[in-house]
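The block underneath contains the structure these notes are about, expressed in structure tokens.
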Amino acid sequence: MATLAPERRTTAEAAKGVARRAVTGAALPALVASFAVGAIVLLSAGTNPLTGYEALFRGILLDTNLPYLAAAFAPILGMAVSFAIPLRMGEFNLGGDGQLVLGGITAAAVAIAIPDAGLAGYALAALAGAAAAALWAYLAVPLARFGRVPVIISTLLLGFPAVSFASYLARYPLTDKGTGIPQTPRLPDAMHLPSLPASAYVNLGLVVAVLILVAYWIVDARTATGLDLRTLGANLRFGEYVGINLNRRTSGALAASGAIAGLTGALIVAGPPYRFIDGALVAPGYTFTGVTVALIASGRPAGLLAGAMLFTALQVGGTGMERDVGIPRQLTAIIQASVVITFVLIVAVQAYRAKTRAGAR
Amino acid sequence: MNVFTLGFVAAVLIALAPVLLAALGGALCARVGVFNIGLEGQMLLGCFTAVAVSAKTGSALLGVAAAVVAGVLTAVILAVGSIRLRADPIVLAIGTNLLAVGLTGFLLRSLLGTSGTYSSPDLSGLGRLGDTWIGRVPVLGDVFASSSWVVVLSLLLVPALAFFLARHPAGLRLRGIGENPDAARSLGVNVNGYQQAAVLVAGGLCGLAGAQLALGNVQLFSEQMTAGRGWVAVVAVMLGRGRPGLVLAASVVFGAAEAFGFRLQGLGLPQQATDAAPYVITLIALIATSARWRRRPAAEPLPEPTAGSAVEPTGGAR
Amino acid sequence: MSDARVRLAGITKRFGPVVANDDVGLELRAGEVHAIVGENGAGKSTLMSVLYGSVRPDDGQILARGRGVTFGSPKDAIAAGIGMVHQHFQLFESLSVTDNVIYGAEPTRRGLLDRRAARARVATLVEEYGSTLDPAATVASLPMGLRQQVEIMKALYRGADVLILDEPTAVLTPAETALLFTSVRRLAERGTAIALVTHKLDEVMQVSDRVTVLRRGAVVASLATAATTPGKLAHLMTGRDIEAATNDAPHEPGAAVLEVTDLRASPVHVDRLTVRAGEIVGIAGVAGNGQSELVQAVVGLRSASGTVRIASADVSRADVRRRRAAGLAYVPEDRGAVGSARALSITENLAVGHFRTGWLKPARLREFAADLMRKHDVRGAGPDATVSSLSGGNAQKVVLARELEHRAPLLVAENPTQGVDIGAIEYIHRELLDYRAAGHGVLLVSNELSELIALADRVHVMVDGRFVAAFDRADLSEQRLGEAMTNAAEDAVTTALKPPDDPPAPPVRPTAAGTGDAGTDSAAGTGDAGTDSAAGTGDAGTGAAAAAPGAAHDSATTEGRPDGDARA
């Protein structure tokens, strides 16, 4: 038997281990730092940060706002899962808005075309919405493969025509004539998502969104597909080398991502006010809240759940804050963006500290 | 339909200028090995700052200067974060783009007291060259009729950047760093310094692009008014492989698409169709160009006797 | 002692718990070639990085011409007259030789690059060095030997009188190596102090005046080269006698597990390659001659024309997954970038590829991983730790364990012992021999001739993407393999350096082979003939496993070349 050299752990390797642990430990400091950034913004705008934050938390905790909270949770969670799936393999789908809108308008169009089909008809409409959005997101794959366009860019650019197209449909061919508002007619009553006992705003969509998360959780943790995606995300060349079909996995991840975004859009139009209104799906910023959640959770299922709760609360609180004390609700967008920025910075600094502590330069 | 008039050329020029300015910044970053996708946010902050300062001071020039400063300040996050601290540049860029949307939306309300779109008679625009002596010069007067001096500057920057890269010692160092940063480092060249400088300059150019968009192309600020132009600039950098002349060509494609869209709108096409046109055309241009590269692979140092065998690494959907 | 250019004293450098350099002293004198030898991980690279200012020592001092100095970065070392030629060349391939040389210290006129002055200065340097470099040539077009000269020019341009050469012969053909050593001796005669970092002891004996041996970060000996022998040095380096694994079982090949025909994937031009069950087939060659492209084409990571059959299945158009399913296992050269996902756990690294479908039970995966780790003696961490927490040797064992566990009929191993310590090398060699003994076939690509001589049943020599010679086990020797590489490579170099206005060479007729006068053509003609005819003989060599390099190569280019020496 050969004599083996003593085990060595190089510094860079030790540093990486620490960095991995840091990912879980950076979210909280990032959140605190971001509220500090928000406070600075408030101060510079001549507002007392305490007034602002008090209104923000009141907005979250106010009983009457709870239904809004629950209603916003489903689309945010959906968009978070949508962004997380390709993120797991190292790809960025920044076209969530387009896919969301495409899913919504397609579902609305199909539902209106088959007014007597009831809830089963709505299921069909939702599937059509998911399929349309999946196809749109999938377009990034041939664009990357044959056009060498990075997915992050193609998905984003494809979002603009999708939003324009849906806007066109809501204004002209599918418009609810006579209202003067760019919106489709109301969905037939039988297709409205049944409400949960809590409130009219809390409907079956919440259950569907949670089921989507659970499905993602299982695939991620317990299937070869999940292992493949994580492997590709950790090292693309390694993934190809062990025989993972990169093209198939990318196609699948993007189509699933688009489908979930589309389904989310379909769920929104089947809730109050039960129609597709131009701009209504994009304006609340579900997509980028989802992106924020997925990024700081590094796509991990448990993190998505916690993050979606937190950022839904922040968003609803922001609306309350605007109503109560007149501070623009964009403050929450600033806080969100700051969370993303400070999160990666903290992760980087922790990795750097770990490296210097271990003795490397 | 005669669209290729001097008036059309004039429309192309102002449509391409913001994209070109941002793309030149991106190209500088690309040459020094930094893939900068934070252009959109920096441009948007440039738009807002230009409008806000111009409205408060009544000076377009101050607005432009402030926009450049705002662009540079935003770029500091990227420069320090991704280059000095080695944080993930893509996530950081997504973060700054988001920050720009939130910050401009917030300040639009708290500073300018409106939401959606701000426009005011207090707002001093960049002015049109058509109203100066240039307007009386034949041909040139028509071409630059609606352009501002920033548009002219953007065009002049193309040969200037090309010359700088080719002939200035710092240009040589930048190109070397982009190709092999370790080699540059081993010769004692401050790689991080050059990269950070490039990102900051790109930030300034994006700020300038925003100023031209908000004070030159139009005279207003509206939420998310850059509408993806920063991303189109990223595509222009890719299309042009970081070379100023090719980046200009790519920007012309976008500018022509936008100007063409306006024309079609005048002919009764719905706005939504013409809104989407520039992005679709940009994507098609990107695909067409890379398809051409694929057919003509890079020349081998030694001639390959077996022609006809397709030599490409397989797969790779990125 | 007075002509000591640089003195390192008491240099200590720790990386966490690892002491890379422990109280190391070194003196580089003007006019002396000083070899620094040691195993992988003995601390040679760290010491040279300290000397070149890219690593700051924790303790100790550096004296340049007797004055104490501190190097904050390579810039300071360069200013102190120290130049370094890195093992992996630090060049800008798309730039010209001149731009590479002046980079970072450019001559300027009115603030702009002064290209005329730059070209003139580089031309002067090239002439003084006795080189054939064209200052206007693009580095990408140069062969490795000339690229190394560009590196040396860079150091000389900056006025270096201390030159560090880090494993300078790793990418050179034997002929290029000889040329380098001639130049190195000439530089030394002119008063340059040279530090030669290497692990090849014959080179130490050949070119150095003094030798310092490092072991586990410390100096174990520093002596005059004339006063020692390769055997003594080897014992000093390892501190023990290593019993090398060698292939001494009878060669009884079975059915073909790999059959490659007419493979073309620039620069690969291989007409026939066969690996049978129960044999190890080696591919020898200087790094960068198409070996990695050949491997990628065989495993399906690079598209190519021609046919590839693995265990009788035609997989010419198949992706990696289907080739693996047909019976392929693969240990890639770059275990960090290709062979593992360092941020994932050892369990995940071992499981991926083995659990392809259906539901995964975490407990089952961990058990599988723990089993493999026990079997292959992977030490230093548990199955849940990341691969990045393992040492190089153990990380390589994880890769090897995963691939061997496939028990695939064909194993492709690409420089499997690069950068691992001697103990692990021996372990890996035994594993490969066991794999052969179990009735599998192994395609072993290696830059280390000694590795091929120890293990391979047959060896193909690869130059410029082509097989130029083949040897049976009985005929293997470093000298023969080296000659085969040199002969073919010389022709290639000649071709590359051929002035562009030379008339095109007349085609060499097949009948010219063996007559002995075809080679008296112009240098350009021989070069072309070498490349062309090697293609025709590659498969002949494979099939017949020809004995002598001259015969396996082409008589038109090797035997029939009376002017061969004159051109070298």
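Residue names in the structure tokens use chain letters A, B, ... in the order shown, residue numbers from 1 in each chain, and ligand numbers from 1 in the order shown.
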
Write out as a list in words each polymer residue whose atoms come within 8 Å of Val340 of chain A, counting only C-alpha atoms; drop sequence neighbours fewer than 6 positions from it.
->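 Selected residues are Ala30, Thr292, Leu295 and Ile296 of chain A; Val91, Leu92 and Gly95 of chain B.
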
Restricted to N, CA and C atoms, what would the selected residues look like written as a PDB file, in the first residue's frame?
```pdb
ATOM      1  N   ALA A  30     -28.179  41.765   5.138  1.00  0.00           N
ATOM      2  CA  ALA A  30     -28.535  42.521   3.939  1.00  0.00           C
ATOM      3  C   ALA A  30     -29.852  43.252   4.150  1.00  0.00           C
ATOM      4  N   THR A 292     -35.974  39.171  -6.789  1.00  0.00           N
ATOM      5  CA  THR A 292     -35.269  39.472  -5.540  1.00  0.00           C
ATOM      6  C   THR A 292     -35.299  38.273  -4.597  1.00  0.00           C
ATOM      7  N   LEU A 295     -33.141  35.395  -5.862  1.00  0.00           N
ATOM      8  CA  LEU A 295     -31.704  35.670  -5.796  1.00  0.00           C
ATOM      9  C   LEU A 295     -31.175  35.513  -4.382  1.00  0.00           C
ATOM     10  N   ILE A 296     -31.884  36.087  -3.399  1.00  0.00           N
ATOM     11  CA  ILE A 296     -31.317  35.981  -2.046  1.00  0.00           C
ATOM     12  C   ILE A 296     -31.538  34.605  -1.449  1.00  0.00           C
TER      13      ILE A 296
ATOM     14  N   VAL B  91     -25.714  39.555 -10.761  1.00  0.00           N
ATOM     15  CA  VAL B  91     -26.697  39.855  -9.715  1.00  0.00           C
ATOM     16  C   VAL B  91     -26.580  41.321  -9.303  1.00  0.00           C
ATOM     17  N   LEU B  92     -25.345  41.800  -9.224  1.00  0.00           N
ATOM     18  CA  LEU B  92     -25.120  43.191  -8.848  1.00  0.00           C
ATOM     19  C   LEU B  92     -25.751  44.129  -9.877  1.00  0.00           C
ATOM     20  N   GLY B  95     -29.387  44.167  -9.557  1.00  0.00           N
ATOM     21  CA  GLY B  95     -29.708  44.989  -8.393  1.00  0.00           C
ATOM     22  C   GLY B  95     -29.666  46.476  -8.700  1.00  0.00           C
TER      23      GLY B  95
END
```

Backbone DSSP call of alpha helix (DSSP H) for segment 305-406 of chain C, listed as an MDAnalysis selection string = chainID C and resid 320:327 346:351 362:375 392:404

Find the spatial neighbours of segment 255-266 of chain B, counting only C-alpha atoms, within a cut-off of 12 Å - ignore same-chain residues fewer than 3 positions away - and output them as a PyMOL selection string.
-> chain B and resi 1-5+7-20+217+229+232-233+236+248-252+269-285

For the residues in the current selection, export C-alpha atoms as a PDB file, in the first residue's frame.
```
ATOM      1  CA  MET B   1     -42.953  54.663 -49.569  1.00  0.00           C
ATOM      2  CA  ASN B   2     -39.958  56.919 -49.487  1.00  0.00           C
ATOM      3  CA  VAL B   3     -38.582  56.762 -45.969  1.00  0.00           C
ATOM      4  CA  PHE B   4     -34.926  57.247 -46.754  1.00  0.00           C
ATOM      5  CA  THR B   5     -34.979  60.983 -46.838  1.00  0.00           C
ATOM      6  CA  GLY B   7     -35.389  63.690 -42.454  1.00  0.00           C
ATOM      7  CA  PHE B   8     -35.271  59.967 -41.854  1.00  0.00           C
ATOM      8  CA  VAL B   9     -31.509  60.097 -41.380  1.00  0.00           C
ATOM      9  CA  ALA B  10     -32.040  62.870 -38.853  1.00  0.00           C
ATOM     10  CA  ALA B  11     -34.561  60.714 -36.998  1.00  0.00           C
ATOM     11  CA  VAL B  12     -32.169  57.750 -37.004  1.00  0.00           C
ATOM     12  CA  LEU B  13     -29.426  59.914 -35.510  1.00  0.00           C
ATOM     13  CA  ILE B  14     -31.374  60.980 -32.469  1.00  0.00           C
ATOM     14  CA  ALA B  15     -32.800  57.494 -32.005  1.00  0.00           C
ATOM     15  CA  LEU B  16     -29.376  55.886 -32.018  1.00  0.00           C
ATOM     16  CA  ALA B  17     -27.469  58.445 -29.930  1.00  0.00           C
ATOM     17  CA  PRO B  18     -28.507  57.229 -26.432  1.00  0.00           C
ATOM     18  CA  VAL B  19     -27.910  53.605 -27.390  1.00  0.00           C
ATOM     19  CA  LEU B  20     -24.577  54.465 -28.991  1.00  0.00           C
ATOM     20  CA  ASN B 217     -34.870  63.277 -27.819  1.00  0.00           C
ATOM     21  CA  ARG B 229     -32.318  50.841 -24.463  1.00  0.00           C
ATOM     22  CA  VAL B 232     -30.109  47.037 -26.560  1.00  0.00           C
ATOM     23  CA  ALA B 233     -26.752  48.723 -25.934  1.00  0.00           C
ATOM     24  CA  ALA B 236     -24.825  46.336 -29.619  1.00  0.00           C
ATOM     25  CA  LEU B 248     -21.846  52.187 -34.185  1.00  0.00           C
ATOM     26  CA  ALA B 249     -23.152  49.978 -36.991  1.00  0.00           C
ATOM     27  CA  ALA B 250     -25.197  47.952 -34.521  1.00  0.00           C
ATOM     28  CA  SER B 251     -26.589  51.121 -32.974  1.00  0.00           C
ATOM     29  CA  VAL B 252     -27.578  52.370 -36.425  1.00  0.00           C
ATOM     30  CA  LEU B 269     -50.098  51.013 -37.448  1.00  0.00           C
ATOM     31  CA  PRO B 270     -50.903  50.501 -33.778  1.00  0.00           C
ATOM     32  CA  GLN B 271     -48.320  51.917 -31.447  1.00  0.00           C
ATOM     33  CA  GLN B 272     -47.847  48.547 -29.782  1.00  0.00           C
ATOM     34  CA  ALA B 273     -46.548  46.999 -32.999  1.00  0.00           C
ATOM     35  CA  THR B 274     -44.044  49.771 -33.592  1.00  0.00           C
ATOM     36  CA  ASP B 275     -42.992  49.799 -29.929  1.00  0.00           C
ATOM     37  CA  ALA B 276     -41.930  46.191 -30.219  1.00  0.00           C
ATOM     38  CA  ALA B 277     -40.187  46.567 -33.565  1.00  0.00           C
ATOM     39  CA  PRO B 278     -36.757  47.761 -32.326  1.00  0.00           C
ATOM     40  CA  TYR B 279     -36.368  44.814 -29.945  1.00  0.00           C
ATOM     41  CA  VAL B 280     -37.439  42.263 -32.513  1.00  0.00           C
ATOM     42  CA  ILE B 281     -35.136  43.768 -35.121  1.00  0.00           C
ATOM     43  CA  THR B 282     -32.256  43.900 -32.623  1.00  0.00           C
ATOM     44  CA  LEU B 283     -32.696  40.217 -31.824  1.00  0.00           C
ATOM     45  CA  ILE B 284     -32.898  39.299 -35.493  1.00  0.00           C
ATOM     46  CA  ALA B 285     -29.735  41.282 -36.197  1.00  0.00           C
TER      47      ALA B 285
END
```

Quick one: which residues from chain A are at most 8 Å off chain B, using only C-alpha atoms, as a VMD selection string?
-> chain A and resid 45 141 to 151 153 to 154 157 to 158 160 to 161 164 to 165 167 to 168 246 to 247 250 288 295 327 to 334 336 to 338 340 to 341 344 to 345 347 to 349 352

Can I get the selected residues back with C-alpha atoms, as an mmCIF file, in the first residue's frame?
```cif
data_model
loop_
_atom_site.group_PDB
_atom_site.id
_atom_site.type_symbol
_atom_site.label_atom_id
_atom_site.label_comp_id
_atom_site.auth_asym_id
_atom_site.auth_seq_id
_atom_site.Cartn_x
_atom_site.Cartn_y
_atom_site.Cartn_z
ATOM 1 C CA ALA A 45 -36.445 63.333 0.873
ATOM 2 C CA VAL A 141 -32.978 28.321 -26.156
ATOM 3 C CA PRO A 142 -32.728 28.313 -29.966
ATOM 4 C CA LEU A 143 -31.637 31.947 -29.750
ATOM 5 C CA ALA A 144 -28.780 30.909 -27.489
ATOM 6 C CA ARG A 145 -27.964 27.768 -29.405
ATOM 7 C CA PHE A 146 -28.065 29.096 -32.945
ATOM 8 C CA GLY A 147 -27.693 32.811 -32.357
ATOM 9 C CA ARG A 148 -25.378 32.781 -29.333
ATOM 10 C CA VAL A 149 -27.571 35.310 -27.561
ATOM 11 C CA PRO A 150 -27.173 34.960 -23.787
ATOM 12 C CA VAL A 151 -30.402 33.817 -22.154
ATOM 13 C CA ILE A 153 -30.565 39.151 -22.735
ATOM 14 C CA SER A 154 -32.895 37.254 -25.041
ATOM 15 C CA LEU A 157 -35.685 41.608 -24.929
ATOM 16 C CA LEU A 158 -38.448 39.109 -25.758
ATOM 17 C CA PHE A 160 -40.976 43.896 -24.635
ATOM 18 C CA PRO A 161 -42.828 42.555 -27.706
ATOM 19 C CA SER A 164 -46.743 45.218 -26.404
ATOM 20 C CA PHE A 165 -48.671 42.364 -27.990
ATOM 21 C CA SER A 167 -51.443 45.529 -24.685
ATOM 22 C CA TYR A 168 -52.524 45.577 -28.320
ATOM 23 C CA LEU A 246 -27.407 20.687 -21.509
ATOM 24 C CA ASN A 247 -29.741 21.595 -24.333
ATOM 25 C CA THR A 250 -31.980 24.356 -20.500
ATOM 26 C CA PHE A 288 -38.904 41.738 -9.868
ATOM 27 C CA LEU A 295 -31.704 35.670 -5.796
ATOM 28 C CA ILE A 327 -44.542 58.304 1.182
ATOM 29 C CA PRO A 328 -44.224 56.852 -2.330
ATOM 30 C CA ARG A 329 -44.476 53.064 -2.248
ATOM 31 C CA GLN A 330 -41.420 52.918 -4.556
ATOM 32 C CA LEU A 331 -39.518 53.006 -1.285
ATOM 33 C CA THR A 332 -40.106 49.278 -1.070
ATOM 34 C CA ALA A 333 -38.606 48.832 -4.537
ATOM 35 C CA ILE A 334 -35.543 50.729 -3.324
ATOM 36 C CA GLN A 336 -35.711 45.408 -2.468
ATOM 37 C CA ALA A 337 -32.953 46.497 -4.818
ATOM 38 C CA SER A 338 -30.743 47.331 -1.855
ATOM 39 C CA VAL A 340 -30.083 42.307 -3.697
ATOM 40 C CA ILE A 341 -27.054 44.589 -3.856
ATOM 41 C CA VAL A 344 -24.098 39.913 -2.938
ATOM 42 C CA LEU A 345 -21.709 42.442 -1.463
ATOM 43 C CA VAL A 347 -21.418 37.381 0.518
ATOM 44 C CA ALA A 348 -18.362 38.650 -1.348
ATOM 45 C CA VAL A 349 -16.923 40.425 1.682
ATOM 46 C CA TYR A 352 -12.849 37.700 1.111
#
```

Check the smallest atom-to-atom distance from each of B:Gly240, B:Ala211, B:Val199, B:Val189 to chain C using only C-alpha atoms, then report the winner.
->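 For chain C, the nearest of the given residues is B:Val189.
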
Residue list for chain C near chain B as a list in words, 7 Å, only C-alpha atoms = Ser73, Pro74, Lys75, Gln90, Leu91, Phe92, Tyr103, Gly104, Glu106, Leu112, Leu113, Ser141, Arg264, Ala265, Ser266, Leu301, Arg302, Ser303, Ala304 and Ser305 of chain C

Selection file, C-alpha atoms, as a compact mmCIF listing (two decimals), in the first residue's frame:
```
# COMPACT_ATOMS: atom_id res chain seq x y z
CA SER C 73 3.84 43.32 -6.41
CA PRO C 74 5.65 41.98 -9.48
CA LYS C 75 6.20 45.62 -10.41
CA GLN C 90 1.49 34.95 -19.79
CA LEU C 91 1.02 36.27 -23.30
CA PHE C 92 -1.61 38.21 -25.24
CA TYR C 103 3.30 45.92 -22.70
CA GLY C 104 3.29 47.82 -19.42
CA GLU C 106 5.64 51.24 -23.58
CA LEU C 112 1.01 58.05 -27.80
CA LEU C 113 2.60 54.68 -28.46
CA SER C 141 0.73 32.11 -34.91
CA ARG C 264 -11.06 15.06 -38.19
CA ALA C 265 -11.51 17.83 -35.67
CA SER C 266 -9.04 20.64 -36.17
CA LEU C 301 -17.49 17.07 -26.10
CA ARG C 302 -16.36 18.26 -29.54
CA SER C 303 -17.99 17.55 -32.86
CA ALA C 304 -15.85 15.87 -35.47
CA SER C 305 -16.13 14.02 -38.73
```

Between atom CA of Ile212 of chain A and atom CA of Ala351 of chain C - distance in Å to one decimal |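 Taking atom CA of Ala351 of chain C and atom CA of Ile212 of chain A, their separation equals 26.7 Å.
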
Would you please extract all strand (DSSP E or B) residues from segment 171-350 of chain A, as assigned by DSSP on the backbone, and give them as a PyMOL selection string?
-> chain A and resi 183+195-196+199-203+223+277

Separation of atom CA of Leu229 of chain A and atom CA of Arg248 of chain A, in Å?
->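 Rounded to one decimal, the two atoms are 10.8 Å apart.
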
Please provide the set of residues having any atom within 12 Å of Gly130 of chain B, restricted to only C-alpha atoms, with same-chain residues fewer than 2 positions apart removed, written as a PyMOL selection string.
-> chain B and resi 7+10+126-128+132-149

Per residue of chain C within 6 Å of chain A, record the nearest atom pair and its distance in Å to one decimal, counting only C-alpha atoms, with rows in chain order and ascending residue number, as CSV.
```
residue,atom,partner,partner_atom,distance
C:Phe15,CA,A:Gly359,CA,5.1
C:Gly16,CA,A:Ala358,CA,4.7
C:Val320,CA,A:Gly243,CA,4.8
C:Arg321,CA,A:Gly243,CA,3.9
C:Val338,CA,A:Phe238,CA,4.4
C:Gly339,CA,A:Phe238,CA,5.6
C:Ser340,CA,A:Phe238,CA,5.7
C:Ala341,CA,A:Asn235,CA,5.3
C:Gly353,CA,A:Val242,CA,5.7
C:Arg356,CA,A:Ala224,CA,5.6
C:Thr357,CA,A:Ala224,CA,5.5
C:Gly358,CA,A:Thr223,CA,5.9
C:Trp359,CA,A:Thr223,CA,4.7
C:Leu360,CA,A:Arg222,CA,4.8
C:Gly380,CA,A:Glu7,CA,6.0
C:Ser388,CA,A:Glu13,CA,4.9
C:Ser389,CA,A:Glu13,CA,5.1
C:Ser391,CA,A:Arg8,CA,5.2
C:Gly423,CA,A:Leu4,CA,5.0
```

With C-alpha atoms retained, could you export that selection as a PDB file, in the first residue's frame?
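Output (result-v4.pdb):
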```pdb
ATOM      1  CA  PHE C  15      -1.321  29.217   3.845  1.00  0.00           C
ATOM      2  CA  GLY C  16      -3.584  28.547   6.784  1.00  0.00           C
ATOM      3  CA  VAL C 320     -21.593  12.446 -24.035  1.00  0.00           C
ATOM      4  CA  ARG C 321     -24.561  10.838 -22.314  1.00  0.00           C
ATOM      5  CA  VAL C 338     -14.299  19.828 -15.798  1.00  0.00           C
ATOM      6  CA  GLY C 339     -13.997  16.788 -13.557  1.00  0.00           C
ATOM      7  CA  SER C 340     -15.886  18.038 -10.534  1.00  0.00           C
ATOM      8  CA  ALA C 341     -18.233  20.681  -9.226  1.00  0.00           C
ATOM      9  CA  GLY C 353     -23.836  10.208 -13.526  1.00  0.00           C
ATOM     10  CA  ARG C 356     -29.689   9.145 -13.855  1.00  0.00           C
ATOM     11  CA  THR C 357     -33.416   8.583 -13.496  1.00  0.00           C
ATOM     12  CA  GLY C 358     -36.271   8.563 -11.061  1.00  0.00           C
ATOM     13  CA  TRP C 359     -36.371   9.363  -7.366  1.00  0.00           C
ATOM     14  CA  LEU C 360     -33.295   9.988  -5.305  1.00  0.00           C
ATOM     15  CA  GLY C 380      -9.832  14.658   4.715  1.00  0.00           C
ATOM     16  CA  SER C 388     -13.291  22.137  -2.628  1.00  0.00           C
ATOM     17  CA  SER C 389     -12.337  21.132   0.922  1.00  0.00           C
ATOM     18  CA  SER C 391      -6.522  18.288  -1.331  1.00  0.00           C
ATOM     19  CA  GLY C 423       2.137   8.973  -3.314  1.00  0.00           C
TER      20      GLY C 423
END
```

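The interatomic distance for the pair atom CA of Thr225 of chain C and atom CA of Leu146 of chain C works out to 28.3 Å.
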
Do a neighbour search on Ala9 of chain C at 12 Å with only C-alpha atoms, toss out local chain neighbours closer than 4 positions, and write the hits as a CSV table (one decimal) with C-alpha atoms, in the first residue's frame.
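Listing of selection_33.csv after writing:
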```csv
chain,number,residue,atom,x,y,z
C,21,ASN,CA,8.0,27.7,2.7
C,22,ASP,CA,9.8,27.0,6.0
C,23,ASP,CA,12.9,29.2,6.6
C,24,VAL,CA,14.1,28.9,3.1
C,25,GLY,CA,17.3,30.4,1.9
C,26,LEU,CA,18.4,30.8,-1.7
C,27,GLU,CA,21.2,32.7,-3.4
C,28,LEU,CA,21.2,33.4,-7.1
C,47,LEU,CA,9.2,30.4,-3.3
C,50,VAL,CA,7.9,35.4,-3.3
C,51,LEU,CA,10.9,36.2,-5.4
C,57,PRO,CA,6.3,36.1,2.7
C,59,ASP,CA,8.8,36.1,7.4
C,60,GLY,CA,12.3,36.4,6.0
C,61,GLN,CA,14.1,38.9,3.9
C,62,ILE,CA,15.0,39.5,0.3
C,63,LEU,CA,18.3,41.1,-0.6
C,64,ALA,CA,18.8,42.4,-4.1
C,66,GLY,CA,23.0,43.3,-1.1
C,68,GLY,CA,17.1,44.7,1.6
C,69,VAL,CA,14.0,45.0,-0.4
C,219,VAL,CA,15.6,23.2,1.8
```
